[in-house]
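The next block is upload.txt, given as compact mmCIF, C-alpha atoms and all ligand atoms.
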```
# COMPACT_ATOMS: atom_id res chain seq x y z
CA MET A 1 260.44 52.72 -123.94
CA CYS A 2 261.22 54.88 -120.97
CA THR A 3 263.51 52.52 -119.06
CA ILE A 4 266.69 52.75 -121.11
CA SER A 5 268.28 55.82 -119.58
CA LEU A 6 267.59 58.88 -117.45
CA LEU A 7 267.59 61.01 -120.57
CA ALA A 8 264.97 58.80 -122.18
CA LEU A 9 262.90 58.79 -118.96
CA THR A 10 263.01 62.57 -118.76
CA ALA A 11 262.02 62.95 -122.38
CA CYS A 12 259.12 60.56 -122.00
CA THR A 13 257.94 62.26 -118.80
CA LEU A 14 257.95 65.70 -120.29
CA LEU A 15 256.38 64.79 -123.59
CA PRO A 16 252.70 64.63 -122.50
CA TYR A 17 252.98 68.04 -120.80
CA THR A 18 254.52 69.50 -123.90
CA LEU A 19 251.62 68.27 -125.94
CA ALA A 20 248.78 68.92 -123.49
CA ALA A 21 249.77 72.16 -121.73
CA PRO A 22 248.43 75.45 -123.08
CA ALA A 23 250.99 77.98 -124.20
CA HIS A 24 250.63 80.19 -121.03
CA ASP A 25 249.56 78.07 -118.06
CA ASN A 26 250.17 78.91 -114.39
CA TYR A 27 252.16 75.81 -113.54
CA GLN A 28 255.31 77.87 -113.05
CA LYS A 29 255.64 81.63 -112.99
CA SER A 30 257.98 83.14 -115.49
CA LEU A 31 260.42 85.73 -114.22
CA GLU A 32 259.48 87.81 -117.24
CA ALA A 33 255.78 87.74 -116.24
CA PRO A 34 254.56 88.62 -119.74
CA ASN A 35 250.95 89.27 -118.65
CA LYS A 36 251.96 91.48 -115.71
CA ASN A 37 251.66 95.26 -115.76
CA PRO A 38 255.26 96.41 -116.30
CA ASP A 39 254.77 99.10 -113.61
CA ASP A 40 254.09 96.47 -110.90
CA ALA A 41 256.93 95.66 -108.56
CA PHE A 42 258.19 92.10 -108.35
CA ASP A 43 256.93 90.01 -105.49
CA LEU A 44 259.77 90.27 -102.98
CA GLU A 45 258.28 88.22 -100.17
CA PRO A 46 260.95 86.13 -98.34
CA THR A 47 261.35 82.60 -99.60
CA ALA A 48 263.23 79.59 -98.29
CA ASN A 49 266.16 80.63 -100.42
CA PHE A 50 266.63 83.72 -98.22
CA ALA A 51 268.64 81.43 -95.92
CA PHE A 52 271.50 82.11 -98.29
CA ALA A 53 271.03 85.88 -98.55
CA GLY A 54 272.24 88.65 -96.28
CA ILE A 55 275.12 88.78 -93.81
CA THR A 56 276.01 85.58 -91.99
CA THR A 57 275.10 85.42 -88.32
CA PHE A 58 274.41 82.23 -86.42
CA ALA A 59 271.18 80.77 -87.82
CA GLN A 60 270.44 84.22 -89.33
CA LEU A 61 269.74 85.64 -85.89
CA PRO A 62 269.82 89.38 -85.32
CA GLN A 63 273.29 90.64 -84.51
CA SER A 64 273.89 92.64 -81.36
CA GLN A 65 277.00 94.35 -80.01
CA CYS A 66 276.34 92.78 -76.62
CA VAL A 67 279.89 93.26 -75.42
CA THR A 68 280.14 97.00 -75.90
CA GLU A 69 276.53 98.09 -75.38
CA SER A 70 274.91 98.48 -71.98
CA GLY A 71 271.47 97.69 -70.62
CA PRO A 72 269.45 94.46 -70.58
CA VAL A 73 270.39 91.57 -72.87
CA ASP A 74 268.39 88.89 -74.67
CA ASP A 75 267.55 85.48 -73.18
CA ILE A 76 270.05 83.45 -75.20
CA LEU A 77 273.34 84.92 -76.43
CA VAL A 78 275.48 83.22 -79.06
CA LEU A 79 279.06 84.26 -78.41
CA GLY A 80 282.22 83.47 -80.40
CA PHE A 81 285.61 82.70 -78.81
CA PRO A 82 288.24 83.14 -81.56
CA PHE A 83 291.02 81.64 -79.46
CA ASP A 84 293.48 78.84 -80.27
CA THR A 85 296.78 79.62 -78.59
CA ALA A 86 296.34 76.84 -76.01
CA THR A 87 296.09 74.21 -78.76
CA SER A 88 298.37 71.19 -78.46
CA TYR A 89 298.14 69.91 -82.05
CA ARG A 90 296.54 71.60 -85.07
CA THR A 91 296.15 75.37 -84.85
CA GLY A 92 293.40 77.48 -86.43
CA THR A 93 290.30 76.98 -84.25
CA ARG A 94 290.26 80.75 -83.71
CA PHE A 95 288.35 80.74 -87.00
CA GLY A 96 285.85 78.20 -85.66
CA PRO A 97 283.04 80.59 -84.64
CA ASN A 98 282.56 81.92 -88.15
CA THR A 99 282.77 78.41 -89.59
CA ILE A 100 279.89 77.35 -87.33
CA ARG A 101 277.94 80.44 -88.39
CA GLN A 102 278.53 79.60 -92.05
CA GLY A 103 277.47 75.99 -91.37
CA SER A 104 274.25 77.25 -89.77
CA ARG A 105 272.99 78.80 -92.99
CA ALA A 106 272.05 75.39 -94.32
CA ALA A 107 270.85 74.30 -90.88
CA SER A 108 268.37 77.16 -90.60
CA LEU A 109 266.95 76.26 -93.99
CA ALA A 110 266.70 72.59 -93.03
CA CYS A 111 264.74 73.65 -89.97
CA SER A 112 262.21 75.48 -92.19
CA GLY A 113 262.94 78.93 -90.87
CA HIS A 114 264.21 77.73 -87.52
CA TYR A 115 261.41 75.25 -86.86
CA ASN A 116 263.02 72.16 -85.36
CA HIS A 117 261.23 69.09 -86.64
CA ARG A 118 263.22 66.71 -84.47
CA GLN A 119 262.11 68.38 -81.25
CA SER A 120 258.84 69.84 -82.64
CA ILE A 121 259.71 73.33 -81.43
CA ASN A 122 260.85 76.60 -82.86
CA PRO A 123 263.40 77.73 -80.31
CA PHE A 124 263.57 81.19 -81.83
CA VAL A 125 259.89 82.13 -81.53
CA GLN A 126 258.88 80.54 -78.22
CA ASN A 127 258.81 83.81 -76.41
CA ILE A 128 262.58 83.57 -76.14
CA SER A 129 264.83 86.20 -77.66
CA VAL A 130 268.10 84.98 -79.15
CA VAL A 131 270.87 87.08 -80.68
CA ASP A 132 274.33 86.55 -82.10
CA CYS A 133 276.71 88.70 -80.05
CA GLY A 134 279.61 88.26 -82.45
CA ASP A 135 283.08 87.36 -81.16
CA LEU A 136 284.98 88.41 -78.06
CA PRO A 137 288.18 90.41 -78.52
CA ILE A 138 290.77 87.94 -77.18
CA SER A 139 294.52 88.39 -77.09
CA PRO A 140 296.47 85.89 -79.23
CA PHE A 141 299.73 87.09 -77.62
CA ASP A 142 299.34 86.37 -73.91
CA ASN A 143 297.25 83.44 -72.71
CA SER A 144 297.06 84.60 -69.09
CA LEU A 145 295.62 87.90 -70.30
CA ALA A 146 293.31 86.05 -72.71
CA PHE A 147 291.95 83.77 -69.98
CA ALA A 148 291.37 86.67 -67.61
CA ARG A 149 289.56 88.65 -70.27
CA MET A 150 287.42 85.73 -71.47
CA GLU A 151 286.27 85.21 -67.89
CA GLU A 152 285.58 88.88 -67.33
CA TRP A 153 283.67 89.41 -70.61
CA PHE A 154 281.59 86.30 -69.94
CA LYS A 155 280.88 87.36 -66.38
CA ARG A 156 279.75 90.83 -67.44
CA LEU A 157 277.32 89.39 -69.99
CA LEU A 158 276.10 86.77 -67.56
CA TRP A 159 275.28 89.34 -64.89
CA ARG A 160 273.39 91.70 -67.21
CA GLU A 161 269.67 92.00 -66.71
CA VAL A 162 267.52 89.97 -69.14
CA LYS A 163 265.17 91.93 -71.41
CA SER A 164 262.06 89.78 -71.39
CA ALA A 165 259.61 90.80 -68.70
CA ASP A 166 258.82 87.24 -67.72
CA GLY A 167 262.46 86.28 -67.46
CA ARG A 168 262.90 83.51 -70.00
CA GLY A 169 266.60 83.15 -69.35
CA VAL A 170 268.02 80.75 -66.79
CA LYS A 171 267.03 81.26 -63.17
CA SER A 172 269.72 80.88 -60.58
CA LEU A 173 268.40 79.31 -57.41
CA LYS A 174 271.52 80.51 -55.66
CA ILE A 175 271.16 84.16 -56.64
CA GLY A 176 267.39 84.17 -57.18
CA ARG A 177 267.35 86.12 -60.42
CA VAL A 178 267.30 85.34 -64.14
CA HIS A 179 270.46 85.32 -66.22
CA PRO A 180 270.99 84.93 -69.96
CA GLN A 181 272.02 81.54 -71.30
CA ILE A 182 275.28 81.97 -73.20
CA VAL A 183 276.06 79.58 -76.04
CA SER A 184 279.81 79.71 -76.71
CA LEU A 185 281.34 78.87 -80.08
CA GLY A 186 285.05 77.88 -79.93
CA GLY A 187 287.85 78.17 -80.19
CA ASP A 188 290.02 75.48 -78.60
CA HIS A 189 288.71 73.58 -75.62
CA SER A 190 290.61 75.63 -73.05
CA ILE A 191 287.83 78.25 -73.27
CA SER A 192 285.65 76.03 -71.05
CA LEU A 193 287.75 76.97 -68.02
CA PRO A 194 287.19 80.77 -67.98
CA ILE A 195 283.52 80.10 -68.82
CA LEU A 196 283.13 77.72 -65.87
CA ARG A 197 284.90 80.22 -63.59
CA ALA A 198 282.40 82.90 -64.63
CA LEU A 199 279.39 80.59 -64.29
CA ASN A 200 280.56 79.73 -60.78
CA THR A 201 279.86 83.30 -59.67
CA VAL A 202 276.17 82.77 -60.45
CA TYR A 203 275.44 79.06 -60.06
CA GLY A 204 278.16 77.77 -57.76
CA LYS A 205 279.27 74.26 -58.69
CA VAL A 206 277.79 72.84 -61.90
CA SER A 207 277.68 69.30 -63.28
CA ALA A 208 279.46 68.96 -66.62
CA ILE A 209 278.45 66.78 -69.53
CA HIS A 210 281.67 66.68 -71.49
CA ILE A 211 281.36 65.12 -74.96
CA ASP A 212 284.81 64.63 -76.46
CA ALA A 213 287.25 62.12 -77.96
CA HIS A 214 289.67 62.92 -75.15
CA ILE A 215 289.22 63.25 -71.42
CA ASP A 216 290.64 66.81 -71.17
CA THR A 217 291.37 66.10 -67.52
CA TRP A 218 295.04 65.50 -68.12
CA SER A 219 297.34 66.29 -65.27
CA PRO A 220 299.18 69.46 -66.30
CA LYS A 221 302.40 67.83 -65.13
CA VAL A 222 301.89 65.17 -67.77
CA PHE A 223 300.32 67.33 -70.48
CA ALA A 224 302.69 70.30 -70.25
CA GLY A 225 305.62 68.30 -68.90
CA ALA A 226 306.88 68.15 -65.33
CA GLU A 227 309.69 70.55 -66.15
CA ALA A 228 307.57 73.06 -68.05
CA GLU A 229 308.81 75.90 -65.84
CA SER A 230 305.78 77.91 -66.83
CA LYS A 231 302.55 78.02 -64.88
CA GLN A 232 300.67 79.22 -67.93
CA ALA A 233 301.78 76.13 -69.91
CA GLU A 234 299.61 74.08 -67.57
CA PHE A 235 296.43 75.70 -68.96
CA ALA A 236 295.84 74.09 -72.34
CA ASP A 237 293.18 72.40 -74.46
CA GLY A 238 293.85 69.08 -72.69
CA THR A 239 293.50 70.33 -69.12
CA PRO A 240 290.36 72.51 -68.70
CA TYR A 241 288.38 69.89 -66.80
CA TYR A 242 291.36 69.03 -64.59
CA TRP A 243 291.48 72.65 -63.47
CA ALA A 244 287.70 72.94 -63.24
CA GLY A 245 287.74 70.03 -60.82
CA MET A 246 290.74 71.30 -58.86
CA GLU A 247 289.28 74.81 -58.56
CA GLY A 248 286.01 73.47 -57.14
CA LEU A 249 283.88 74.52 -60.10
CA LEU A 250 282.29 71.08 -60.61
CA THR A 251 280.03 68.83 -58.55
CA SER A 252 280.94 65.16 -58.22
CA LYS A 253 278.23 64.22 -60.77
CA ASN A 254 279.83 64.73 -64.17
CA VAL A 255 279.97 62.69 -67.35
CA HIS A 256 282.58 62.17 -70.04
CA ALA A 257 281.00 60.85 -73.25
CA GLY A 258 282.52 59.93 -76.59
CA ILE A 259 285.94 59.14 -75.14
CA ARG A 260 287.49 56.68 -77.54
CA SER A 261 287.93 53.98 -74.94
CA THR A 262 284.14 53.98 -74.39
CA SER A 263 283.27 53.58 -78.05
CA ASP A 264 282.69 49.90 -77.42
CA MET A 265 279.79 50.80 -75.13
CA LEU A 266 278.04 52.57 -78.00
CA LYS A 267 278.59 49.59 -80.27
CA ARG A 268 277.53 47.05 -77.67
CA ASP A 269 274.59 48.78 -75.99
CA GLY A 270 273.57 51.53 -78.42
CA VAL A 271 272.72 55.22 -78.07
CA TRP A 272 269.93 54.65 -75.54
CA ALA A 273 272.31 53.06 -73.03
CA ILE A 274 274.49 56.18 -73.21
CA THR A 275 271.56 58.56 -72.77
CA ASP A 276 270.33 56.48 -69.81
CA LYS A 277 273.78 56.61 -68.25
CA ILE A 278 274.04 60.39 -68.67
CA ARG A 279 270.62 60.88 -67.09
CA ALA A 280 271.44 58.52 -64.25
CA VAL A 281 274.58 60.42 -63.31
CA VAL A 282 273.70 64.09 -63.88
CA PRO A 283 271.11 65.70 -61.57
CA HIS A 284 267.97 66.86 -63.40
CA ASP A 285 267.17 69.93 -61.34
CA GLU A 286 270.63 71.35 -60.65
CA PRO A 287 272.82 73.47 -62.96
CA VAL A 288 274.36 71.53 -65.83
CA TYR A 289 277.04 72.67 -68.27
CA VAL A 290 277.29 70.98 -71.68
CA SER A 291 280.61 71.02 -73.51
CA LEU A 292 280.70 69.51 -76.97
CA ASP A 293 284.06 68.96 -78.67
CA VAL A 294 283.47 68.13 -82.34
CA ASP A 295 286.35 65.65 -82.24
CA SER A 296 283.89 63.32 -80.49
CA LEU A 297 282.78 62.72 -84.08
CA ASP A 298 284.80 60.35 -86.22
CA PRO A 299 287.15 62.30 -88.54
CA ALA A 300 284.95 61.08 -91.40
CA PHE A 301 282.28 63.44 -90.04
CA ALA A 302 284.62 66.08 -88.58
CA PRO A 303 287.80 66.41 -90.61
CA GLY A 304 288.07 70.05 -89.54
CA THR A 305 289.15 69.73 -85.95
CA ALA A 306 292.32 70.28 -83.92
CA GLY A 307 292.78 66.81 -82.43
CA PRO A 308 291.17 64.19 -84.68
CA ALA A 309 290.85 60.63 -83.35
CA SER A 310 289.51 57.75 -85.39
CA GLY A 311 286.74 55.41 -84.28
CA GLY A 312 284.32 58.16 -83.23
CA TRP A 313 280.61 58.80 -83.28
CA THR A 314 278.34 59.91 -86.12
CA PRO A 315 276.42 63.22 -86.11
CA ARG A 316 273.17 61.24 -85.97
CA GLU A 317 274.25 59.55 -82.74
CA ILE A 318 275.30 62.80 -81.10
CA ILE A 319 272.08 64.55 -82.10
CA GLN A 320 270.09 61.68 -80.60
CA ILE A 321 272.13 61.85 -77.41
CA ILE A 322 271.56 65.62 -77.21
CA ILE A 323 267.81 65.30 -77.72
CA ASP A 324 267.17 62.35 -75.42
CA GLY A 325 270.06 62.63 -72.99
CA LEU A 326 269.68 66.33 -72.17
CA LYS A 327 265.89 66.62 -72.24
CA GLY A 328 264.53 68.59 -69.30
CA LEU A 329 267.93 69.20 -67.69
CA ASN A 330 268.69 72.60 -66.17
CA ILE A 331 271.32 73.63 -68.73
CA VAL A 332 272.97 76.90 -67.69
CA GLY A 333 275.64 77.05 -70.38
CA VAL A 334 276.87 75.39 -73.54
CA ASP A 335 280.03 75.35 -75.60
CA VAL A 336 280.71 73.82 -79.03
CA VAL A 337 284.46 73.80 -79.62
CA GLU A 338 287.46 72.72 -81.69
CA VAL A 339 286.13 73.51 -85.19
CA LEU A 340 289.06 74.14 -87.52
CA PRO A 341 288.11 75.36 -91.00
CA SER A 342 291.42 74.92 -92.81
CA TYR A 343 291.00 71.13 -92.60
CA ASP A 344 287.24 71.25 -93.12
CA ASN A 345 286.55 70.03 -96.62
CA ALA A 346 283.07 70.86 -97.91
CA GLU A 347 282.11 72.52 -94.58
CA ILE A 348 281.39 69.07 -93.13
CA THR A 349 282.46 69.94 -89.59
CA GLY A 350 280.96 73.43 -89.59
CA ILE A 351 277.56 72.12 -90.65
CA ALA A 352 277.63 69.38 -88.00
CA ALA A 353 278.72 71.84 -85.29
CA ALA A 354 275.92 74.24 -86.28
CA GLU A 355 273.38 71.43 -86.11
CA PHE A 356 274.61 70.44 -82.63
CA THR A 357 274.44 74.07 -81.48
CA ILE A 358 270.84 74.39 -82.63
CA GLU A 359 269.83 71.12 -80.98
CA VAL A 360 271.54 71.79 -77.67
CA SER A 361 270.53 75.46 -77.26
MN MN A 401 288.46 68.57 -76.05
```
Can the structure in the file be given as structure tokens, please?
Amino acid sequence: MCTISLLALTACTLLPYTLAAPAHDNYQKSLEAPNKNPDDAFDLEPTANFAFAGITTFAQLPQSQCVTESGPVDDILVLGFPFDTATSYRTGTRFGPNTIRQGSRAASLACSGHYNHRQSINPFVQNISVVDCGDLPISPFDNSLAFARMEEWFKRLLWREVKSADGRGVKSLKIGRVHPQIVSLGGDHSISLPILRALNTVYGKVSAIHIDAHIDTWSPKVFAGAEAESKQAEFADGTPYYWAGMEGLLTSKNVHAGIRSTSDMLKRDGVWAITDKIRAVVPHDEPVYVSLDVDSLDPAFAPGTAGPASGGWTPREIIQIIIDGLKGLNIVGVDVVEVLPSYDNAEITGIAAAEFTIEVS
């Protein structure tokens, strides 16, 4: 009988082949290739397993020294922000960009060489050029210097001419020319502020879709303390959207999603109610910025993050919200932040963050 154990099942399944198959059939090729001319080279055509070969860039994209080179840039630029000195709790998100890159190795394989089955597109071959620009050089010693430099680097990339003749980047109605779309990998969440300051020079006010466990609009007087006696202490991972609002970088049509106090809405009304709400608030034809903090996930799905909060979403829910909630919006910039590898067992958070980055880009 073949139902007693897996071992017995395997033995019974293999037995007929063992008896019926000729000694040298073509069912599987042997690495030794005994009938092959020994002078022939091995077949070295790329296979699916090549996802795990070579140097790690995001989704195995070509790497470009965008920051130091001059001339036109590609349509979409993946850019790392190894910065975590504005973190209020766990430190170490400066290593987040490379964790997301590592997580993307499996993601690119799952997408069959970048083909995205969920959205039925291959974002990397649709006449759009995408490169991994590596990480920005950011000071870990002086946050005011770091913020100024993040803004300036971002601005310089944003204002570079786009390579493709038909301008597949993001068109600014305000400026009337095409700019690259920059996908930022964090880093703690404070990086959103210099990015939004830089985007403001091209797009003016943008509407933010901020997906996070926390509001990140804390009053600096509360977050840093009323007696902080340091202006710089008011710029932290819990205050970027407070400052973005106060500095006039945002429209009045913004969304927080994933905040723990709204988890009941997901349970009560489901993912579709949240996507409907996002689409009802955010304008469809005006510039939108998407900021995705991985702590919006439950710590079960994102142990590697700086500010974990229980009772969060699943990756499946966030992916669905990205696909259906953001469809057709005029997205001018994206960040995926707060990945912290030292707490990230089995690359759980890095893989989820990579998947989000692919879906949202
Ligand atoms: Mn956050």
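Between atom CA of Gly311 of chain A and atom CA of His214 of chain A the separation is 12.2 Å.
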>> Can you pull out the residues contacting segment 56-73 of chain A? Cut-off 9 Å, using all atoms listed in the file, and skip same-chain residues under 4 positions away; I want them as a ChimeraX atom specification.
In response: /A:51-52,77-78,97-98,100-109,113-114,124,130-136,153,156-157,160-164,180,354,358
>> Considering all atoms listed in the file, can you say which of A:Glu317, A:Asp335, A:Asp142, A:Asp295 comes closest to ligand MN 401 (chain A)?
In response: A:Asp295
>> For a quick check of understanding, using only C-alpha atoms, which of A:Gln119, A:Asn127, A:Thr305, A:Ser252 has the smallest distance to Ser207 of chain A?
In response: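 The shortest atom-to-atom distance to Ser207 of chain A comes from A:Ser252.
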>> Any residue with an atom at most 8 Å from ligand MN 401 (chain A) counts, using all atoms listed in the file. Which are they? Put them as a list in words.
In response: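 Counting only what the definition allows, namely all atoms listed in the file, the set is Asp188, His189, Ser190, Ile211, Asp212, Ala213, His214, Ile215, Asp216, Asp237, Gly238, Leu292, Asp293, Asp295, Gly307, Val337 and Glu338 of chain A.
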Can I get the selected residues back with C-alpha atoms, as a compact mmCIF listing (two decimals), in the frame of the given file?
```
# COMPACT_ATOMS: atom_id res chain seq x y z
CA ASP A 188 290.02 75.48 -78.60
CA HIS A 189 288.71 73.58 -75.62
CA SER A 190 290.61 75.63 -73.05
CA ILE A 211 281.36 65.12 -74.96
CA ASP A 212 284.81 64.63 -76.46
CA ALA A 213 287.25 62.12 -77.96
CA HIS A 214 289.67 62.92 -75.15
CA ILE A 215 289.22 63.25 -71.42
CA ASP A 216 290.64 66.81 -71.17
CA ASP A 237 293.18 72.40 -74.46
CA GLY A 238 293.85 69.08 -72.69
CA LEU A 292 280.70 69.51 -76.97
CA ASP A 293 284.06 68.96 -78.67
CA ASP A 295 286.35 65.65 -82.24
CA GLY A 307 292.78 66.81 -82.43
CA VAL A 337 284.46 73.80 -79.62
CA GLU A 338 287.46 72.72 -81.69
```
>> Would you compute the distance between atom CA of Leu193 of chain A and atom CA of Glu234 of chain A? Give it in Å to one decimal.
In response: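 According to the coordinates, atom CA of Leu193 of chain A and atom CA of Glu234 of chain A are separated by 12.2 Å.
Atom pair atom CA of Leu79 of chain A / atom CA of Ser230 of chain A has a distance of 29.8 Å (rounded to one decimal).
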> Of the candidates A:Glu359, A:Asp285, A:Glu152, A:Glu247, which shows the shortest atom-to-atom distance to Lys171 of chain A, using only C-alpha atoms?
Replying inline: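 For Lys171 of chain A, the nearest of the candidates is A:Asp285.
Distances to Val183 of chain A were evaluated for A:Ile138, A:Ile348, A:Ile195, A:Ala273 using all atoms listed in the file, and the minimum falls at A:Ile195.
Here the question is which of A:Ser192, A:Gly248, A:Val339, A:Pro137 gets nearest to Pro308 of chain A using all atoms listed in the file, and that residue is A:Val339.
When all atoms listed in the file are used to measure the gap to Tyr89 of chain A, the shortest distance among A:Leu329, A:Ala224, A:Ala233, A:Ala306 belongs to A:Ala306.
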Could you build a table of the residues in segment 209-277 of chain A lying no more than 12 Å from segment 322-327 of chain A, giving for each the nearest pair of atoms and their separation in Å rounded to one decimal place, using all atoms listed in the file, ordered by chain and ascending residue number, as a Markdown table?
```
| residue | atom | partner | partner_atom | distance |
| --- | --- | --- | --- | --- |
| A:Ile209 | CA | A:Leu326 | CA | 9.2 |
| A:His210 | CA | A:Ile322 | CA | 11.7 |
| A:Ile211 | CA | A:Ile322 | CA | 10.1 |
| A:Val255 | CA | A:Gly325 | CA | 11.4 |
| A:Ala257 | CA | A:Gly325 | CA | 11.1 |
| A:Val271 | CA | A:Gly325 | CA | 9.4 |
| A:Trp272 | CA | A:Asp324 | CA | 8.2 |
| A:Ala273 | CA | A:Gly325 | CA | 9.8 |
| A:Ile274 | CA | A:Gly325 | CA | 7.8 |
| A:Thr275 | CA | A:Gly325 | CA | 4.3 |
| A:Asp276 | CA | A:Gly325 | CA | 6.9 |
| A:Lys277 | CA | A:Gly325 | CA | 8.5 |
```
